[in-house]
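Remarks on the structure that follows.
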Amino acid sequence: MPVRDRHGDLGGPSTPLGLVLAGGGSRRFGEGDAKLRATFRGRPLVCWAVDAARRALDEVVVVAGAVDLRSELGPEVEVVRHPDWSDGLASSLRCGLDEADRRGHDTVVVGLADQPLVPAEAWARVAARDSPVATATYGGRPNPPVRLARSVWDLLPMRGEVGARELIRRRPDLVEEVPCPGRPDDVDTRTDLESLEKNHA
């Protein structure tokens with residue numbers, strides 16, 4: 001079960017819950033370094049994705065695991081700590097879906113905390129669709145955020161490092177592609193972060 005840093009029972013089945021997945025150990029970023037706390041354009045990396053989601057959606061939850069991000073995000077951002085984060089991205093997604101179910105939501109919009117160049121408009125465009133699965137696309141290629149209706153939650157993986165991508169590959173009949181602005185570059189290493197700072201200032 002998730003351990004909640006704050007409690008709330010907001011929203012309802014007609015509104016999507018935004019989920020920002022921030023549970024990984026960031027091993028490729030460097031020994032002892034917390035990737036999501038690293039500075040990008042003068043702010044912690046995690047803040048970019050969370051702020052974009054919060055500008056687009058009424059209710060957002062951050063699913064954290066390896067790193068306690070409350071000091072970076074502030075008291076106004078709700079964090080759910082996932083103790084089994086080391087089981088992989090799919091496990092963190094499941095934690096977020098459990099939280100959505102507890103709050104009575106029938107839809108989630110899921111994004112990743114290490115994609116700082118995905119703007120609020122991408123979250124909003126995906127959230128506005130009504131397909132079982134709606135994924136943002138950038139230059140024709142699918143990438144988060146992804147809208148997932150309750151009808152497909154049981155089709156998602158339980159473990160491993162794959163979230164909705166495998167479902168999108170297996171069941172294209174369920175998927176609507178939504179062209180979006182921004183860039184889906186994710187940060188895995190310090191080199192990635194330095195490249196984003198240099199090339200996309």
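Chains: A, B, ... in order of the structure tokens. Residues: from 1 per chain. Ligands: from 1, in order shown.
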Exercise. Within 9 Å of range 66-69 of chain A, counting only C-alpha atoms, which residues qualify if same-chain residues fewer than 6 places away don't, as a count of residues only?
Worked result: 15
For this session: Find the residues around range 110-124 of chain A up to 8 Å (only C-alpha atoms counted), leave out those fewer than 3 positions away in its own chain, and share them as a PyMOL selection string.
Result: chain A and resi 18-22+36+45-57+127-128+136+144-148+180-188
Seminar exercise, completed: For Asp84 in chain A, the closest of A:Arg70, A:Arg159, A:Arg103, A:Arg43 counting only C-alpha atoms is A:Arg159
For this session: Enumerate the residues of range 98-190 of chain A with a DSSP assignment of strand (DSSP E), computed from the backbone, and present them as a list in words.
Result: Thr107, Val108, Val109, Val110, Gly111, Leu112, Val133, Ala134, Thr135, Ala136, Thr137, Tyr138, Arg141, Pro142, Asn143, Pro144, Pro145, Val146, Arg147, Leu148, Ala149, Val175, Glu176, Glu177, Val178 and Pro179 of chain A
For this session: Could you check how far CA of Ser195 in chain A sits from CA of Arg41 in chain A, in Å to one decimal?
Result: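 Rounded to one decimal, the two atoms are 12.0 Å apart.
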For this session: Go through A:Val77, A:Val126, A:Val175, A:Leu193 one by one, measure the shortest atom-to-atom distance of each to Glu59 in chain A using only C-alpha atoms, and give the residue with the smallest value.
Result: A:Val77
Exercise. Hey, what's within 8 Å of range 94-97 of chain A if we count only C-alpha atoms and toss same-chain stuff fewer than 2 positions away? As a list in words, please?
Worked result: Met1, Pro2, Leu19, Val61, Val63, His82, Ala90, Ser91, Ser92, Glu99, Ala100, Asp101, Val108, Trp153 and Met158 of chain A
Exercise. Quick one: DSSP helix (DSSP H, G or I) residues in chain A, as a PyMOL selection string?
Worked result: chain A and resi 27-29+35-37+45-56+70-73+85-87+89-103+120-127+150-155+165-170+172-174+190-199
